[in-house]
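Shown next: my_file04.pdb, given as PDB, C-alpha atoms.
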MODEL        1
ATOM      1  CA  MET O   1    -131.512  87.308-131.860
ATOM      2  CA  ALA O   2    -132.678  89.309-134.875
ATOM      3  CA  THR O   3    -136.425  89.846-135.321
ATOM      4  CA  VAL O   4    -137.532  88.226-138.573
ATOM      5  CA  PHE O   5    -141.284  88.773-138.217
ATOM      6  CA  GLN O   6    -143.511  90.916-136.053
ATOM      7  CA  ARG O   7    -147.162  91.849-135.806
ATOM      8  CA  THR O   8    -148.131  94.688-138.091
ATOM      9  CA  GLU O   9    -149.426  97.785-136.302
ATOM     10  CA  SER O  10    -153.014  97.624-137.613
ATOM     11  CA  LEU O  11    -153.494  94.053-136.356
ATOM     12  CA  LEU O  12    -154.515  94.156-132.697
ATOM     13  CA  PRO O  13    -152.919  91.666-130.254
ATOM     14  CA  VAL O  14    -155.971  89.464-129.698
ATOM     15  CA  ASN O  15    -156.853  85.836-130.425
ATOM     16  CA  ILE O  16    -160.404  85.824-131.740
ATOM     17  CA  TYR O  17    -160.748  82.824-134.064
ATOM     18  CA  CYS O  18    -160.771  79.060-133.608
ATOM     19  CA  PRO O  19    -157.332  77.386-133.677
ATOM     20  CA  GLY O  20    -156.226  76.776-137.256
ATOM     21  CA  CYS O  21    -158.897  79.011-138.789
ATOM     22  CA  ALA O  22    -157.677  80.811-141.912
ATOM     23  CA  HIS O  23    -159.485  83.989-140.803
ATOM     24  CA  GLY O  24    -156.366  84.728-138.780
ATOM     25  CA  ILE O  25    -154.195  84.735-141.887
ATOM     26  CA  ILE O  26    -156.674  86.827-143.869
ATOM     27  CA  THR O  27    -157.105  89.511-141.199
ATOM     28  CA  ARG O  28    -153.319  89.760-140.910
ATOM     29  CA  LEU O  29    -153.032  90.345-144.648
ATOM     30  CA  VAL O  30    -155.689  93.081-144.585
ATOM     31  CA  ALA O  31    -153.909  94.786-141.685
ATOM     32  CA  GLU O  32    -150.532  94.557-143.419
ATOM     33  CA  VAL O  33    -151.987  96.102-146.565
ATOM     34  CA  MET O  34    -153.482  98.984-144.596
ATOM     35  CA  ASP O  35    -150.119  99.715-143.011
ATOM     36  CA  GLU O  36    -148.161  99.371-146.258
ATOM     37  CA  LEU O  37    -150.530 101.770-148.028
ATOM     38  CA  GLY O  38    -150.517 104.127-145.045
ATOM     39  CA  ILE O  39    -154.324 104.274-144.889
ATOM     40  CA  ALA O  40    -155.179 102.861-141.451
ATOM     41  CA  GLY O  41    -155.893 106.314-140.028
ATOM     42  CA  LYS O  42    -158.560 107.006-142.633
ATOM     43  CA  THR O  43    -159.958 103.486-143.064
ATOM     44  CA  VAL O  44    -163.402 102.350-141.904
ATOM     45  CA  GLY O  45    -164.159  98.638-141.780
ATOM     46  CA  ILE O  46    -167.659  97.148-141.703
ATOM     47  CA  ALA O  47    -168.081  93.903-139.745
ATOM     48  CA  PRO O  48    -171.439  92.092-140.107
ATOM     49  CA  VAL O  49    -172.768  88.990-138.330
ATOM     50  CA  GLY O  50    -170.972  85.638-138.455
ATOM     51  CA  CYS O  51    -167.340  84.842-137.691
ATOM     52  CA  ALA O  52    -166.547  88.162-139.379
ATOM     53  CA  VAL O  53    -168.292  89.924-136.490
ATOM     54  CA  LYS O  54    -165.054  89.513-134.541
ATOM     55  CA  ALA O  55    -163.156  91.656-137.018
ATOM     56  CA  TYR O  56    -163.789  94.806-135.012
ATOM     57  CA  ASP O  57    -161.495  93.315-132.346
ATOM     58  CA  ALA O  58    -158.838  92.473-134.931
ATOM     59  CA  PHE O  59    -158.267  95.697-136.850
ATOM     60  CA  GLY O  60    -156.701  98.874-135.520
ATOM     61  CA  CYS O  61    -158.896 101.119-137.655
ATOM     62  CA  ASP O  62    -162.397 102.493-137.151
ATOM     63  CA  MET O  63    -164.957  99.689-137.318
ATOM     64  CA  ILE O  64    -168.764  99.685-137.624
ATOM     65  CA  GLN O  65    -171.062  96.790-136.741
ATOM     66  CA  ALA O  66    -173.631  96.067-139.472
ATOM     67  CA  PRO O  67    -176.795  93.941-139.292
ATOM     68  CA  HIS O  68    -176.540  90.504-140.861
ATOM     69  CA  GLY O  69    -175.887  90.828-144.598
ATOM     70  CA  ARG O  70    -176.075  94.618-144.686
ATOM     71  CA  ALA O  71    -172.359  95.438-144.692
ATOM     72  CA  PRO O  72    -172.283  96.651-148.337
ATOM     73  CA  ALA O  73    -175.263  98.931-147.656
ATOM     74  CA  VAL O  74    -173.588 100.376-144.565
ATOM     75  CA  ALA O  75    -170.309 100.715-146.467
ATOM     76  CA  THR O  76    -172.140 102.559-149.246
ATOM     77  CA  GLY O  77    -173.528 105.062-146.763
ATOM     78  CA  VAL O  78    -170.154 105.600-145.095
ATOM     79  CA  LYS O  79    -168.324 106.048-148.391
ATOM     80  CA  ARG O  80    -170.879 108.477-149.791
ATOM     81  CA  ALA O  81    -170.881 110.500-146.576
ATOM     82  CA  ALA O  82    -167.087 110.463-146.248
ATOM     83  CA  PRO O  83    -165.688 109.841-149.760
ATOM     84  CA  ASP O  84    -162.099 110.534-148.713
ATOM     85  CA  ASN O  85    -162.123 107.586-146.324
ATOM     86  CA  VAL O  86    -161.164 104.075-147.405
ATOM     87  CA  VAL O  87    -164.095 101.752-146.680
ATOM     88  CA  PHE O  88    -164.079  97.961-146.694
ATOM     89  CA  THR O  89    -166.361  95.139-145.627
ATOM     90  CA  TYR O  90    -165.128  91.868-144.142
ATOM     91  CA  GLN O  91    -167.760  89.181-144.763
ATOM     92  CA  GLY O  92    -168.326  85.447-144.725
ATOM     93  CA  ASP O  93    -170.279  83.394-147.234
ATOM     94  CA  GLY O  94    -173.394  82.939-145.111
ATOM     95  CA  ASP O  95    -173.547  86.705-144.676
ATOM     96  CA  LEU O  96    -172.552  87.958-148.131
ATOM     97  CA  ALA O  97    -174.105  85.312-150.375
ATOM     98  CA  ALA O  98    -177.325  84.544-148.468
ATOM     99  CA  ILE O  99    -179.075  87.252-146.452
ATOM    100  CA  GLY O 100    -176.791  89.877-147.993
ATOM    101  CA  THR O 101    -177.048  88.857-151.646
ATOM    102  CA  ALA O 102    -179.133  91.872-152.668
ATOM    103  CA  GLU O 103    -176.850  94.353-150.895
ATOM    104  CA  THR O 104    -173.765  92.781-152.495
ATOM    105  CA  VAL O 105    -175.154  92.630-156.019
ATOM    106  CA  HIS O 106    -176.592  96.134-156.001
ATOM    107  CA  ALA O 107    -173.484  97.726-154.449
ATOM    108  CA  ALA O 108    -171.499  96.100-157.240
ATOM    109  CA  THR O 109    -173.876  97.026-160.055
ATOM    110  CA  ARG O 110    -173.897 100.647-158.860
ATOM    111  CA  GLY O 111    -170.113 100.597-158.940
ATOM    112  CA  GLU O 112    -169.841 101.778-155.340
ATOM    113  CA  ASN O 113    -166.231 102.725-154.618
ATOM    114  CA  ILE O 114    -165.776 100.245-151.763
ATOM    115  CA  THR O 115    -163.698  97.108-151.190
ATOM    116  CA  VAL O 116    -165.172  93.761-150.149
ATOM    117  CA  ILE O 117    -163.090  91.045-148.481
ATOM    118  CA  PHE O 118    -165.162  87.870-148.830
ATOM    119  CA  VAL O 119    -164.208  84.715-146.907
ATOM    120  CA  ASN O 120    -165.687  81.564-148.466
ATOM    121  CA  ASN O 121    -165.395  78.485-146.256
ATOM    122  CA  ALA O 122    -168.505  76.725-147.617
ATOM    123  CA  ILE O 123    -170.345  76.662-144.299
ATOM    124  CA  TYR O 124    -172.017  78.785-141.636
ATOM    125  CA  GLY O 125    -169.234  78.994-139.053
ATOM    126  CA  MET O 126    -170.348  80.969-136.003
ATOM    127  CA  THR O 127    -173.880  79.562-135.843
ATOM    128  CA  GLY O 128    -172.882  75.916-135.728
ATOM    129  CA  GLY O 129    -172.076  74.565-139.179
ATOM    130  CA  GLN O 130    -175.274  74.778-141.229
ATOM    131  CA  MET O 131    -175.328  74.602-145.024
ATOM    132  CA  ALA O 132    -174.276  77.882-146.623
ATOM    133  CA  PRO O 133    -174.961  79.213-150.139
ATOM    134  CA  THR O 134    -171.419  78.093-151.004
ATOM    135  CA  SER O 135    -171.643  74.571-149.517
ATOM    136  CA  LEU O 136    -170.653  72.044-152.178
ATOM    137  CA  PRO O 137    -172.964  69.453-153.755
ATOM    138  CA  GLY O 138    -172.958  66.448-151.461
ATOM    139  CA  GLN O 139    -171.251  68.348-148.622
ATOM    140  CA  ILE O 140    -172.255  67.198-145.161
ATOM    141  CA  THR O 141    -173.275  69.976-142.759
ATOM    142  CA  GLN O 142    -175.460  70.194-139.650
ATOM    143  CA  THR O 143    -178.520  70.830-141.832
ATOM    144  CA  THR O 144    -177.509  68.426-144.638
ATOM    145  CA  PRO O 145    -176.425  65.276-142.743
ATOM    146  CA  TYR O 146    -176.728  63.222-145.928
ATOM    147  CA  GLY O 147    -174.989  65.833-148.082
ATOM    148  CA  ARG O 148    -176.273  68.858-149.973
ATOM    149  CA  ASP O 149    -178.953  67.713-152.395
ATOM    150  CA  VAL O 150    -178.945  70.111-155.335
ATOM    151  CA  ALA O 151    -182.420  68.954-156.361
ATOM    152  CA  ALA O 152    -183.778  70.373-153.110
ATOM    153  CA  ALA O 153    -181.246  73.071-152.151
ATOM    154  CA  GLY O 154    -179.927  74.205-155.510
ATOM    155  CA  TYR O 155    -176.310  74.711-156.497
ATOM    156  CA  PRO O 156    -173.583  76.667-154.710
ATOM    157  CA  VAL O 157    -173.225  80.353-155.562
ATOM    158  CA  ARG O 158    -170.009  81.310-157.351
ATOM    159  CA  VAL O 159    -169.687  84.914-156.198
ATOM    160  CA  CYS O 160    -166.751  86.120-158.313
ATOM    161  CA  GLU O 161    -168.275  84.686-161.464
ATOM    162  CA  LEU O 162    -171.619  86.296-160.637
ATOM    163  CA  LEU O 163    -170.259  89.754-159.825
ATOM    164  CA  SER O 164    -167.873  89.775-162.778
ATOM    165  CA  THR O 165    -170.893  89.908-165.113
ATOM    166  CA  LEU O 166    -171.973  93.270-163.663
ATOM    167  CA  ASP O 167    -170.830  96.435-165.409
ATOM    168  CA  GLY O 168    -170.254  98.184-162.087
ATOM    169  CA  THR O 169    -167.644  95.695-160.864
ATOM    170  CA  THR O 170    -164.115  96.929-161.492
ATOM    171  CA  TYR O 171    -162.001  94.203-159.910
ATOM    172  CA  ALA O 172    -162.846  90.652-158.767
ATOM    173  CA  GLU O 173    -160.297  87.995-157.860
ATOM    174  CA  ARG O 174    -160.456  84.646-156.050
ATOM    175  CA  VAL O 175    -157.475  83.565-153.952
ATOM    176  CA  THR O 176    -156.637  81.209-151.085
ATOM    177  CA  VAL O 177    -154.124  81.067-148.225
ATOM    178  CA  ASP O 178    -153.061  77.417-147.957
ATOM    179  CA  ASN O 179    -149.346  77.951-148.560
ATOM    180  CA  VAL O 180    -146.754  80.726-148.679
ATOM    181  CA  ARG O 181    -147.088  81.258-152.427
ATOM    182  CA  ASN O 182    -150.863  81.609-152.230
ATOM    183  CA  VAL O 183    -150.675  83.809-149.132
ATOM    184  CA  ASN O 184    -148.426  86.190-151.081
ATOM    185  CA  LYS O 185    -150.853  86.139-154.022
ATOM    186  CA  ALA O 186    -153.760  86.832-151.681
ATOM    187  CA  LYS O 187    -151.968  89.809-150.172
ATOM    188  CA  LYS O 188    -151.230  91.177-153.628
ATOM    189  CA  ALA O 189    -154.918  90.860-154.563
ATOM    190  CA  ILE O 190    -156.084  92.571-151.357
ATOM    191  CA  LYS O 191    -153.616  95.390-151.944
ATOM    192  CA  LYS O 192    -154.845  95.815-155.514
ATOM    193  CA  ALA O 193    -158.457  95.909-154.318
ATOM    194  CA  PHE O 194    -157.697  98.693-151.849
ATOM    195  CA  GLN O 195    -155.659 100.559-154.454
ATOM    196  CA  THR O 196    -158.600 100.312-156.870
ATOM    197  CA  GLN O 197    -160.698 102.176-154.313
ATOM    198  CA  ILE O 198    -157.971 104.713-153.535
ATOM    199  CA  ASP O 199    -157.739 105.448-157.256
ATOM    200  CA  LYS O 200    -161.540 105.970-157.320
ATOM    201  CA  LYS O 201    -162.072 103.220-159.890
ATOM    202  CA  GLY O 202    -165.097 101.549-158.328
ATOM    203  CA  PHE O 203    -166.231  98.315-156.713
ATOM    204  CA  SER O 204    -163.626  95.681-155.882
ATOM    205  CA  ILE O 205    -163.914  92.262-154.260
ATOM    206  CA  VAL O 206    -161.388  89.654-153.181
ATOM    207  CA  GLU O 207    -162.855  86.226-152.464
ATOM    208  CA  VAL O 208    -160.645  84.073-150.238
ATOM    209  CA  VAL O 209    -161.377  80.342-150.373
ATOM    210  CA  SER O 210    -160.866  79.324-146.764
ATOM    211  CA  THR O 211    -161.365  76.542-144.231
ATOM    212  CA  CYS O 212    -163.471  75.883-141.139
ATOM    213  CA  PRO O 213    -161.671  73.088-139.253
ATOM    214  CA  THR O 214    -164.095  73.259-136.308
ATOM    215  CA  ASN O 215    -167.331  72.764-138.271
ATOM    216  CA  TRP O 216    -165.752  70.539-140.899
ATOM    217  CA  GLY O 217    -164.560  68.269-138.073
ATOM    218  CA  LEU O 218    -160.986  68.209-139.388
ATOM    219  CA  THR O 219    -157.558  69.216-138.180
ATOM    220  CA  PRO O 220    -156.238  72.446-139.722
ATOM    221  CA  VAL O 221    -153.837  70.512-141.959
ATOM    222  CA  LYS O 222    -156.523  68.085-143.147
ATOM    223  CA  ALA O 223    -158.935  70.981-143.626
ATOM    224  CA  PHE O 224    -156.574  72.640-146.104
ATOM    225  CA  GLY O 225    -156.250  69.306-147.892
ATOM    226  CA  TRP O 226    -160.035  68.962-148.108
ATOM    227  CA  MET O 227    -160.285  72.509-149.400
ATOM    228  CA  ARG O 228    -157.729  71.875-152.144
ATOM    229  CA  ASP O 229    -159.324  68.589-153.192
ATOM    230  CA  ASN O 230    -162.949  69.697-153.083
ATOM    231  CA  MET O 231    -163.385  73.472-153.041
ATOM    232  CA  LEU O 232    -160.769  74.651-155.518
ATOM    233  CA  PRO O 233    -162.120  72.538-158.414
ATOM    234  CA  TYR O 234    -165.529  74.187-157.876
ATOM    235  CA  TYR O 235    -164.121  77.623-157.052
ATOM    236  CA  PRO O 236    -161.117  78.073-159.380
ATOM    237  CA  LEU O 237    -158.593  80.696-158.354
ATOM    238  CA  GLY O 238    -157.800  83.672-160.558
ATOM    239  CA  VAL O 239    -158.767  87.149-161.704
ATOM    240  CA  TYR O 240    -162.382  87.218-162.873
ATOM    241  CA  LYS O 241    -162.540  90.879-163.784
ATOM    242  CA  ASP O 242    -160.012  93.688-163.888
ATOM    243  CA  LYS O 243    -161.116  96.826-165.660
ATOM    244  CA  THR O 244    -157.868  98.556-164.695
ATOM    245  CA  ALA O 245    -155.910  96.022-166.752
ATOM    246  CA  GLU O 246    -158.387  96.216-169.628
ATOM    247  CA  LYS O 247    -157.925  99.968-169.822
ATOM    248  CA  LYS O 248    -154.204  99.407-170.236
ATOM    249  CA  GLY O 249    -154.836  96.971-173.053
ATOM    250  CA  ASP O 250    -154.057  93.901-170.965
ATOM    251  CA  ALA O 251    -156.589  91.086-170.798
ATOM    252  CA  ALA O 252    -157.555  89.957-167.314
ATOM    253  CA  GLU O 253    -156.604  86.416-166.481
TER     254      GLU O 253
ENDMDL
END
Represent the structure from my file as structure tokens, please.
Amino acid sequence: MATVFQRTESLLPVNIYCPGCAHGIITRLVAEVMDELGIAGKTVGIAPVGCAVKAYDAFGCDMIQAPHGRAPAVATGVKRAAPDNVVFTYQGDGDLAAIGTAETVHAATRGENITVIFVNNAIYGMTGGQMAPTSLPGQITQTTPYGRDVAAAGYPVRVCELLSTLDGTTYAERVTVDNVRNVNKAKKAIKKAFQTQIDKKGFSIVEVVSTCPTNWGLTPVKAFGWMRDNMLPYYPLGVYKDKTAEKKGDAAE
């Protein structure tokens, strides 16, 4: 029988995420992009705390463990010390948009030539399902059993919209991986983000709207349905900033 699909070389043969978690799809896409660009041998990934901490077991490139929220700061140091390396962070919403907000914003505003892969599943995954900075208004979590009250907890953080206002951000796009078409779009965005760094054009981020079936208390199929119905209206997909297109005279979507 002919082989129609096989694991890409930079994705290690381990099972590290909960069944049905979209992290598995996203890590595969990152690994495929590394192999297609031929950069795995000179790539350094930064894995912080959270579900993303498992990424150092997923990728066949050099990986560094960062303290909670500090991945962009660590990535900045690595890139400045070894500018010929390709450096990326792999972060969740509780990490990037809460304890790591300052590191993220200032790495972007400085235009650090790094790539950020940001997984937004609207909840703290590894630590048990608490409210995250991206949890939706009214969303039930372990720490908001009656739903997120914006009067007390504020509104969710829209990361791509926030970072797109900074002059140092070169490329920011929000994608998802709920079907084949969107998986292909997500891979294209991740590849463009890495290419932006390779071309020395500055800070790039791809936000992937994802699911957490375990902490949402849903099956994987129902979790994708909940994401489409509830998350995508609040976190619209699309390109939020693309300086590379603007330089060519094309308006970003």
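On the file presented, the PyMOL selection byres ((chain O and resi 89) around 7) picks out Gly45, Ile46, Ala47, Ala71, Pro72, Ala75, Phe88, Tyr90, Gln91, Thr115, Val116 and Ile117 of chain O.
When all atoms listed in the file are used to compute distances to O:Glu9, the closest of the residues O:Tyr146, O:Gly129, O:Ala98, O:Glu32 turns out to be O:Glu32.
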Matched chain/residue IDs from the PyMOL selection byres ((chain O and resi 17-28) around 9), as a VMD selection string: chain O and resid 7 to 8 10 to 11 15 to 16 29 to 33 51 to 52 54 to 55 58 to 59 90 117 119 177 to 178 183 186 to 187 208 210 to 214 219 to 221
For the residues selected in the previous step, produce a file with C-alpha atoms as a tab-separated table (two decimals), keeping the file's coordinate frame.
chain	number	residue	atom	x	y	z
O	7	ARG	CA	-147.16	91.85	-135.81
O	8	THR	CA	-148.13	94.69	-138.09
O	10	SER	CA	-153.01	97.62	-137.61
O	11	LEU	CA	-153.49	94.05	-136.36
O	15	ASN	CA	-156.85	85.84	-130.43
O	16	ILE	CA	-160.40	85.82	-131.74
O	29	LEU	CA	-153.03	90.34	-144.65
O	30	VAL	CA	-155.69	93.08	-144.58
O	31	ALA	CA	-153.91	94.79	-141.68
O	32	GLU	CA	-150.53	94.56	-143.42
O	33	VAL	CA	-151.99	96.10	-146.56
O	51	CYS	CA	-167.34	84.84	-137.69
O	52	ALA	CA	-166.55	88.16	-139.38
O	54	LYS	CA	-165.05	89.51	-134.54
O	55	ALA	CA	-163.16	91.66	-137.02
O	58	ALA	CA	-158.84	92.47	-134.93
O	59	PHE	CA	-158.27	95.70	-136.85
O	90	TYR	CA	-165.13	91.87	-144.14
O	117	ILE	CA	-163.09	91.04	-148.48
O	119	VAL	CA	-164.21	84.72	-146.91
O	177	VAL	CA	-154.12	81.07	-148.22
O	178	ASP	CA	-153.06	77.42	-147.96
O	183	VAL	CA	-150.68	83.81	-149.13
O	186	ALA	CA	-153.76	86.83	-151.68
O	187	LYS	CA	-151.97	89.81	-150.17
O	208	VAL	CA	-160.65	84.07	-150.24
O	210	SER	CA	-160.87	79.32	-146.76
O	211	THR	CA	-161.36	76.54	-144.23
O	212	CYS	CA	-163.47	75.88	-141.14
O	213	PRO	CA	-161.67	73.09	-139.25
O	214	THR	CA	-164.10	73.26	-136.31
O	219	THR	CA	-157.56	69.22	-138.18
O	220	PRO	CA	-156.24	72.45	-139.72
O	221	VAL	CA	-153.84	70.51	-141.96
Hits from the PyMOL selection byres ((chain O and resi 151-167) around 9), listed as number ranges by chain: O: 97, 104-105, 108-111, 122, 132-137, 148-150, 168-174, 205-207, 234-235, 239-242
Nearest-residue call for O:His106, choices O:Phe203, O:Met131, O:Lys191, O:Val49, using all atoms listed in the file: O:Phe203
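Atom pair atom CA of O:Asn85 / atom CA of O:Thr176 has a distance of 27.4 Å (rounded to one decimal).
Taking atom CA of O:Ile140 and atom CA of O:Gly92 as endpoints, the distance between them is 18.7 Å.
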Separation of atom CA of O:Val209 from atom CA of O:Arg228 in Å: 9.4 Å
Residue among O:Gly217, O:Gly202, O:Gly69, O:Gly41 lying closest to O:Ile123, counting all atoms listed in the file: O:Gly217
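Each of O:Gly225, O:Pro145, O:Gly138, O:Gly60 was checked against O:Met34 using all atoms listed in the file; the smallest atom-to-atom distance is that of O:Gly60.
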Pick from O:Val87, O:Val180, O:Val175, O:Ala40, whichever lies nearest to O:Cys61 using all atoms listed in the file: O:Ala40
Pick from O:Lys188, O:Ala102, O:Gly50, O:Phe5 nearest to O:Arg70, counting only C-alpha atoms: O:Ala102
